[in-house]
file input.txt (compact mmCIF, C-alpha atoms)
# COMPACT_ATOMS: atom_id res chain seq x y z
CA MET U 220 -91.41 52.74 15.06
CA ALA U 221 -88.16 51.40 16.54
CA LYS U 222 -90.05 50.41 19.65
CA ARG U 223 -92.53 48.35 17.57
CA SER U 224 -89.68 46.58 15.77
CA ASN U 225 -88.10 45.61 19.08
CA VAL U 226 -91.37 44.09 20.20
CA LEU U 227 -91.56 41.97 17.02
CA VAL U 228 -87.97 40.81 17.50
CA VAL U 229 -88.69 39.79 21.09
CA LEU U 230 -91.83 37.90 20.04
CA GLY U 231 -89.90 36.11 17.29
CA ILE U 232 -87.21 35.02 19.72
CA ALA U 233 -89.87 33.83 22.17
CA PHE U 234 -91.63 31.74 19.52
CA PHE U 235 -88.30 30.25 18.39
CA ALA U 236 -87.41 29.35 21.96
CA LEU U 237 -90.83 27.78 22.50
CA GLY U 238 -90.50 25.68 19.33
CA ALA U 239 -87.03 24.53 20.31
CA ALA U 240 -88.31 23.54 23.74
CA ILE U 241 -91.15 21.48 22.23
CA VAL U 242 -88.77 19.66 19.86
CA PHE U 243 -86.38 18.92 22.75
CA LEU U 244 -89.17 17.47 24.87
CA LEU U 245 -90.44 15.30 22.03
CA VAL U 246 -86.95 13.94 21.28
CA ARG U 247 -86.26 13.27 24.94
CA ASP U 248 -89.58 11.45 25.34
CA ASP U 249 -88.89 9.29 22.28
CA THR U 250 -85.37 8.47 23.49
CA SER U 251 -86.51 7.56 26.95
CA SER U 252 -89.27 5.29 25.57
CA VAL U 253 -86.71 3.36 23.49
CA ALA U 254 -84.29 3.08 26.37
CA THR U 255 -86.91 1.80 28.80
CA GLY U 256 -88.89 -0.31 26.28
CA THR U 257 -87.87 -3.54 24.46
CA PRO U 258 -84.53 -4.37 26.12
CA GLY U 259 -86.05 -4.66 29.56
CA ALA U 260 -89.27 -6.38 28.47
CA PRO U 261 -89.55 -10.19 28.83
CA THR U 262 -89.36 -12.30 25.63
CA GLN U 263 -91.17 -15.55 24.87
CA VAL U 264 -88.90 -18.52 24.14
CA LEU U 265 -89.77 -22.15 23.34
CA VAL U 266 -88.95 -24.55 26.18
CA ALA U 267 -89.09 -28.37 26.18
CA THR U 268 -92.00 -29.73 28.23
CA GLY U 269 -90.28 -33.12 28.39
CA ASP U 270 -87.13 -34.83 27.15
CA ILE U 271 -86.87 -34.58 23.34
CA VAL U 272 -84.66 -37.18 21.65
CA ALA U 273 -82.46 -36.45 18.66
CA GLY U 274 -84.16 -37.27 15.36
CA THR U 275 -87.57 -35.92 16.38
CA THR U 276 -88.95 -33.71 13.63
CA GLY U 277 -90.14 -30.18 14.23
CA ASP U 278 -93.66 -31.20 13.21
CA GLN U 279 -93.63 -33.94 15.86
CA VAL U 280 -92.37 -31.51 18.48
CA VAL U 281 -95.33 -29.23 17.81
CA SER U 282 -98.06 -31.86 17.28
CA GLU U 283 -97.08 -33.83 20.40
CA GLY U 284 -96.90 -30.73 22.59
CA LEU U 285 -93.22 -31.20 23.41
CA VAL U 286 -92.62 -27.44 23.68
CA GLU U 287 -94.32 -24.41 25.17
CA ALA U 288 -93.61 -20.68 25.13
CA ARG U 289 -92.30 -19.13 28.37
CA GLU U 290 -91.21 -15.59 29.14
CA PHE U 291 -87.59 -14.82 30.05
CA ALA U 292 -85.74 -11.62 30.83
CA ALA U 293 -83.09 -10.61 28.31
CA GLY U 294 -80.20 -11.89 30.42
CA GLN U 295 -81.80 -15.34 30.79
CA ILE U 296 -82.28 -16.09 27.09
CA ALA U 297 -79.86 -18.59 25.54
CA PRO U 298 -78.01 -17.55 22.36
CA GLY U 299 -80.01 -18.52 19.27
CA ALA U 300 -83.16 -19.28 21.28
CA ILE U 301 -86.22 -20.25 19.20
CA THR U 302 -89.11 -17.86 19.76
CA SER U 303 -91.86 -19.36 17.55
CA THR U 304 -93.11 -22.83 16.60
CA ALA U 305 -93.17 -21.63 12.98
CA LEU U 306 -89.36 -21.77 13.05
CA LEU U 307 -89.51 -25.54 13.69
CA ALA U 308 -90.99 -26.29 10.25
CA GLY U 309 -88.57 -28.33 8.13
CA GLN U 310 -86.26 -28.90 11.13
CA THR U 311 -85.14 -31.97 13.05
CA VAL U 312 -83.75 -32.16 16.58
CA ALA U 313 -80.00 -32.69 16.19
CA ALA U 314 -79.14 -33.42 19.84
CA ASP U 315 -81.14 -34.57 22.86
CA ILE U 316 -82.95 -31.72 24.64
CA SER U 317 -83.69 -32.05 28.35
CA GLU U 318 -87.02 -31.09 29.91
CA GLY U 319 -87.08 -27.38 30.75
CA ALA U 320 -84.25 -26.47 28.37
CA GLN U 321 -84.66 -23.70 25.81
CA LEU U 322 -84.73 -24.74 22.17
CA THR U 323 -81.92 -23.09 20.22
CA SER U 324 -80.86 -23.03 16.59
CA SER U 325 -77.78 -25.09 17.46
CA SER U 326 -79.99 -27.94 18.72
CA LEU U 327 -81.74 -28.22 15.33
CA ARG U 328 -80.77 -29.14 11.78
CA ALA U 329 -82.57 -29.04 8.47
CA SER U 330 -84.69 -32.14 7.91
CA GLN U 331 -83.71 -34.58 5.18
CA VAL U 332 -85.61 -34.06 1.97
CA ARG U 333 -86.50 -37.74 1.75
CA GLY U 334 -87.93 -37.62 5.31
CA ALA U 335 -90.18 -40.61 5.92
CA SER U 336 -90.97 -41.02 2.21
CA VAL U 337 -88.17 -43.59 1.84
CA ALA U 338 -88.28 -46.20 4.59
CA ILE U 339 -85.36 -48.65 4.58
CA PRO U 340 -86.42 -52.08 5.94
CA ASP U 341 -84.66 -53.43 9.01
CA GLY U 342 -81.45 -55.27 8.13
CA LYS U 343 -81.27 -53.63 4.70
CA GLN U 344 -79.31 -50.78 3.15
CA GLY U 345 -80.30 -48.34 0.43
CA VAL U 346 -77.96 -48.99 -2.52
CA ALA U 347 -78.13 -46.81 -5.65
CA VAL U 348 -77.67 -48.49 -9.02
CA GLN U 349 -77.71 -46.68 -12.37
CA LEU U 350 -78.68 -48.62 -15.48
CA ASP U 351 -79.28 -47.76 -19.10
CA PHE U 352 -82.90 -47.32 -20.11
CA VAL U 353 -83.65 -50.74 -21.60
CA PRO U 354 -81.64 -52.92 -19.12
CA GLY U 355 -83.43 -50.90 -16.42
CA VAL U 356 -86.84 -52.12 -17.68
CA GLY U 357 -87.49 -49.05 -19.81
CA GLY U 358 -88.85 -46.78 -17.09
CA TYR U 359 -91.65 -49.17 -16.09
CA VAL U 360 -90.29 -49.73 -12.55
CA GLY U 361 -91.54 -47.52 -9.72
CA ALA U 362 -91.04 -47.19 -5.97
CA GLY U 363 -92.50 -50.20 -4.17
CA ASP U 364 -92.02 -52.61 -7.06
CA ARG U 365 -89.87 -55.73 -6.82
CA VAL U 366 -87.36 -56.79 -9.43
CA ASN U 367 -85.18 -59.75 -10.33
CA MET U 368 -81.54 -58.95 -11.08
CA TYR U 369 -79.69 -60.71 -13.92
CA SER U 370 -76.08 -60.46 -14.96
CA VAL U 371 -74.22 -61.53 -18.09
CA VAL U 372 -71.06 -63.14 -16.70
CA ARG U 373 -67.91 -63.50 -18.79
CA ASN U 374 -64.88 -65.47 -17.64
CA THR U 375 -61.54 -63.75 -18.17
CA GLU U 376 -59.66 -67.07 -18.47
CA PRO U 377 -60.24 -69.86 -21.01
CA VAL U 378 -62.87 -72.31 -19.85
CA ASP U 379 -62.76 -76.08 -20.16
CA ALA U 380 -66.33 -76.89 -21.08
CA GLY U 381 -66.16 -80.17 -19.21
CA ASP U 382 -65.10 -78.67 -15.90
CA ALA U 383 -66.49 -75.14 -15.66
CA PRO U 384 -69.59 -73.11 -16.52
CA CYS U 385 -69.98 -71.98 -20.09
CA ASN U 386 -68.66 -68.61 -21.16
CA PRO U 387 -70.42 -66.22 -21.36
CA ARG U 388 -73.54 -67.01 -19.35
CA VAL U 389 -76.61 -65.33 -17.81
CA ARG U 390 -77.24 -65.63 -14.11
CA LEU U 391 -80.21 -64.64 -11.96
CA PHE U 392 -78.27 -63.68 -8.86
CA LEU U 393 -80.94 -61.84 -6.80
CA SER U 394 -84.71 -62.24 -6.73
CA ASN U 395 -87.60 -60.10 -5.46
CA VAL U 396 -85.45 -57.07 -4.61
CA GLU U 397 -87.50 -54.16 -3.27
CA VAL U 398 -87.19 -50.85 -5.12
CA LEU U 399 -87.23 -47.95 -2.64
CA ASP U 400 -87.14 -45.14 -5.19
CA VAL U 401 -86.33 -44.35 -8.82
CA SER U 402 -84.96 -41.23 -10.45
CA SER U 403 -87.63 -41.30 -13.15
CA GLU U 404 -90.66 -43.35 -14.12
CA VAL U 405 -92.41 -43.28 -17.49
CA ALA U 406 -96.16 -43.89 -17.83
CA PRO U 407 -97.01 -46.97 -19.96
CA ARG U 408 -98.51 -46.21 -23.36
CA ARG U 409 -101.76 -47.95 -22.38
CA ALA U 410 -102.12 -45.62 -19.38
CA VAL U 411 -102.03 -42.34 -21.33
CA ALA U 412 -105.05 -40.72 -22.97
CA ASP U 413 -103.26 -40.02 -26.25
CA GLN U 414 -102.35 -43.43 -27.66
CA GLU U 415 -100.35 -41.75 -30.41
CA GLN U 416 -98.06 -40.09 -27.88
CA VAL U 417 -94.44 -41.19 -28.20
CA ARG U 418 -93.10 -42.79 -25.03
CA PRO U 419 -89.84 -41.14 -23.83
CA THR U 420 -86.77 -43.37 -24.03
CA GLY U 421 -83.04 -43.30 -23.69
CA GLU U 422 -82.05 -41.66 -20.40
CA PRO U 423 -80.22 -43.77 -17.76
CA ILE U 424 -82.26 -44.45 -14.62
CA THR U 425 -81.06 -44.61 -11.00
CA TYR U 426 -82.68 -47.13 -8.66
CA LEU U 427 -82.47 -47.14 -4.86
CA LEU U 428 -82.60 -50.79 -3.85
CA ALA U 429 -83.11 -52.43 -0.44
CA LEU U 430 -80.21 -54.86 -0.02
CA ASP U 431 -78.57 -56.63 2.90
CA PRO U 432 -74.76 -56.29 3.16
CA MET U 433 -73.99 -59.49 1.25
CA GLU U 434 -76.46 -58.62 -1.51
CA ALA U 435 -74.96 -55.14 -1.72
CA GLN U 436 -71.50 -56.63 -2.28
CA ARG U 437 -72.77 -58.75 -5.15
CA VAL U 438 -74.65 -55.89 -6.81
CA ILE U 439 -71.69 -53.52 -6.50
CA PHE U 440 -69.40 -56.16 -8.01
CA MET U 441 -71.80 -56.93 -10.87
CA THR U 442 -72.40 -53.28 -11.75
CA SER U 443 -68.65 -52.60 -11.70
CA ASN U 444 -67.51 -55.65 -13.67
CA GLU U 445 -70.40 -57.24 -15.54
CA SER U 446 -73.56 -56.37 -17.43
CA LEU U 447 -76.64 -55.94 -15.23
CA HIS U 448 -80.32 -56.21 -16.22
CA LEU U 449 -83.54 -55.90 -14.22
CA ALA U 450 -86.85 -57.70 -14.69
CA LEU U 451 -90.10 -56.38 -13.19
CA ASN U 452 -91.89 -58.95 -11.01
CA GLY U 453 -95.63 -59.44 -10.92
CA LYS U 454 -97.51 -58.49 -7.77
CA ASP U 455 -96.99 -61.05 -4.96
CA ALA U 456 -94.64 -63.11 -7.13
CA PRO U 457 -92.59 -65.59 -5.07
CA PRO U 458 -88.78 -65.44 -5.11
CA ALA U 459 -87.27 -67.20 -8.11
CA SER U 460 -84.46 -69.76 -7.92
CA THR U 461 -80.99 -68.27 -8.29
CA ASP U 462 -79.09 -71.58 -8.36
CA ALA U 463 -78.54 -72.15 -12.08
CA ASP U 464 -76.60 -70.35 -14.81
CA VAL U 465 -77.90 -70.27 -18.37
CA CYS U 466 -75.40 -70.50 -21.22
CA LEU U 467 -76.09 -68.08 -24.03
CA SER U 468 -75.84 -70.94 -26.51
CA ASP U 469 -78.51 -72.83 -24.52
CA ALA U 470 -80.71 -69.74 -24.56
CA ASP U 471 -80.28 -69.45 -28.33
CA GLN U 472 -81.30 -73.07 -28.79
CA ALA U 473 -84.34 -72.53 -26.57
CA VAL U 474 -85.46 -69.65 -28.79

call {"tool": "encode", "arguments": {"input": "input.txt", "output": "structure tokens"}}
result
Amino acid sequence: MAKRSNVLVVLGIAFFALGAAIVFLLVRDDTSSVATGTPGAPTQVLVATGDIVAGTTGDQVVSEGLVEAREFAAGQIAPGAITSTALLAGQTVAADISEGAQLTSSSLRASQVRGASVAIPDGKQGVAVQLDFVPGVGGYVGAGDRVNMYSVVRNTEPVDAGDAPCNPRVRLFLSNVEVLDVSSEVAPRRAVADQEQVRPTGEPITYLLALDPMEAQRVIFMTSNESLHLALNGKDAPPASTDADVCLSDADQAV
């Protein structure tokens, strides 16, 4: 009986040793596969196929074939290297990239939200002006429209009516100014299906205007010191004369 028990003990130890050996081999095989796998394998990185100038969008880089994927060993990959064209979406080249150079995260920046949707004409600047709802034409102005700009001018010193302009007075000081964008636009009543719908009113509106430097100075002065009003021009309307002031008393008499 004792002899049979010894045999069972020996068999148990043998099975335990066999199981331990199998586990050891499996672990060693898994460890060796990790050690000899990814780190030594080549990685694909995006490389410029030609010189890429700063300001080029990621979409242009891809559509114009300005990059291609090439394989590099781990030690040859630049820090922050871009590995997929998908990572170029919404990006713009921040600094010139030479032909053959790897694209990296440091050579890119997030694209501007406005992108190409707001194009500033040559010789002009985009100047933002905020006006109350009614002086800002009541929400009827949209991007691409042109407006005339009026100001109610008040002299701070007494005016001799025989020598100086009347006080106060209205002046058309800029004509046919291009509107690049607006913060909000309200559909005209006649353009909506429900004619009983109440048209929203009241909120100030911000306009992005295309102005040359001298025009910008005048607009900034007027918005800071005087009362500014816009008038929506008809399509293809010619510039209006900005030479004459109109006295408020004259305007009252005309009415």

call {"tool": "closest_residue", "arguments": {"input": "input.txt", "among": "U:Arg390, U:Ser370, U:Gly363, U:Pro354", "to": "Val337 of chain U", "atoms": "all atoms listed in the file"}}
result
U:Gly363

call {"tool": "closest_residue", "arguments": {"input": "input.txt", "among": "U:Ala288, U:Ala362, U:Ile271, U:Val280", "to": "Ala338 of chain U", "atoms": "only C-alpha atoms"}}
result
U:Ala362

call {"tool": "atom_distance", "arguments": {"input": "input.txt", "atom1": "atom CA of Asp315 of chain U", "atom2": "atom CA of Pro298 of chain U"}}
result
17.3 Å

call {"tool": "residues_around", "arguments": {"input": "input.txt", "residues": "Gly357 of chain U", "least_positions_apart": "3", "cutoff": "8 Å", "atoms": "all atoms listed in the file", "output": "MDAnalysis selection string"}}
result
chainID U and resid 352:354 360 405 420

call {"tool": "atom_distance", "arguments": {"input": "input.txt", "atom1": "atom CA of Gly453 of chain U", "atom2": "atom CA of Asn395 of chain U"}}
result
9.7 Å

call {"tool": "residues_around", "arguments": {"input": "input.txt", "residues": "Phe440 of chain U", "least_positions_apart": "6", "cutoff": "12 Å", "atoms": "only C-alpha atoms", "output": "MDAnalysis selection string"}}
result
chainID U and resid 348 370 372 392 433:434 446:447

call {"tool": "closest_residue", "arguments": {"input": "input.txt", "among": "U:Val286, U:Ala429, U:Val438, U:Leu451", "to": "Gly342 of chain U", "atoms": "only C-alpha atoms"}}
result
U:Ala429

call {"tool": "axis_aligned_box", "arguments": {"input": "input.txt", "around": "segment 349-358 of chain U", "padding_each_side": "3 Å", "output": "JSON"}}
result
{"center_x": -83.3, "center_y": -49.8, "center_z": -17.0, "size_x": 17.1, "size_y": 12.2, "size_z": 15.2}

call {"tool": "closest_residue", "arguments": {"input": "input.txt", "among": "U:Ala347, U:Ala450, U:Ala267, U:Ile339", "to": "Glu283 of chain U", "atoms": "all atoms listed in the file"}}
result
U:Ala267

call {"tool": "atom_distance", "arguments": {"input": "input.txt", "atom1": "atom CA of Ser324 of chain U", "atom2": "atom CA of Ser282 of chain U"}}
result
19.3 Å

call {"tool": "closest_residue", "arguments": {"input": "input.txt", "among": "U:Ile424, U:Ile301, U:Val346, U:Ala308", "to": "Gly361 of chain U", "atoms": "all atoms listed in the file"}}
result
U:Ile424

call {"tool": "residues_around", "arguments": {"input": "input.txt", "residues": "Gln436 of chain U", "least_positions_apart": "4", "cutoff": "12 Å", "atoms": "all atoms listed in the file", "output": "list of chain:residue names"}}
result
U:Gln344, U:Val346, U:Phe392, U:Leu393, U:Leu430, U:Asp431, U:Pro432, U:Phe440, U:Met441, U:Thr442, U:Ser443

call {"tool": "closest_residue", "arguments": {"input": "input.txt", "among": "U:Val312, U:Ala320, U:Gln295, U:Leu306", "to": "Gly269 of chain U", "atoms": "all atoms listed in the file"}}
result
U:Ala320
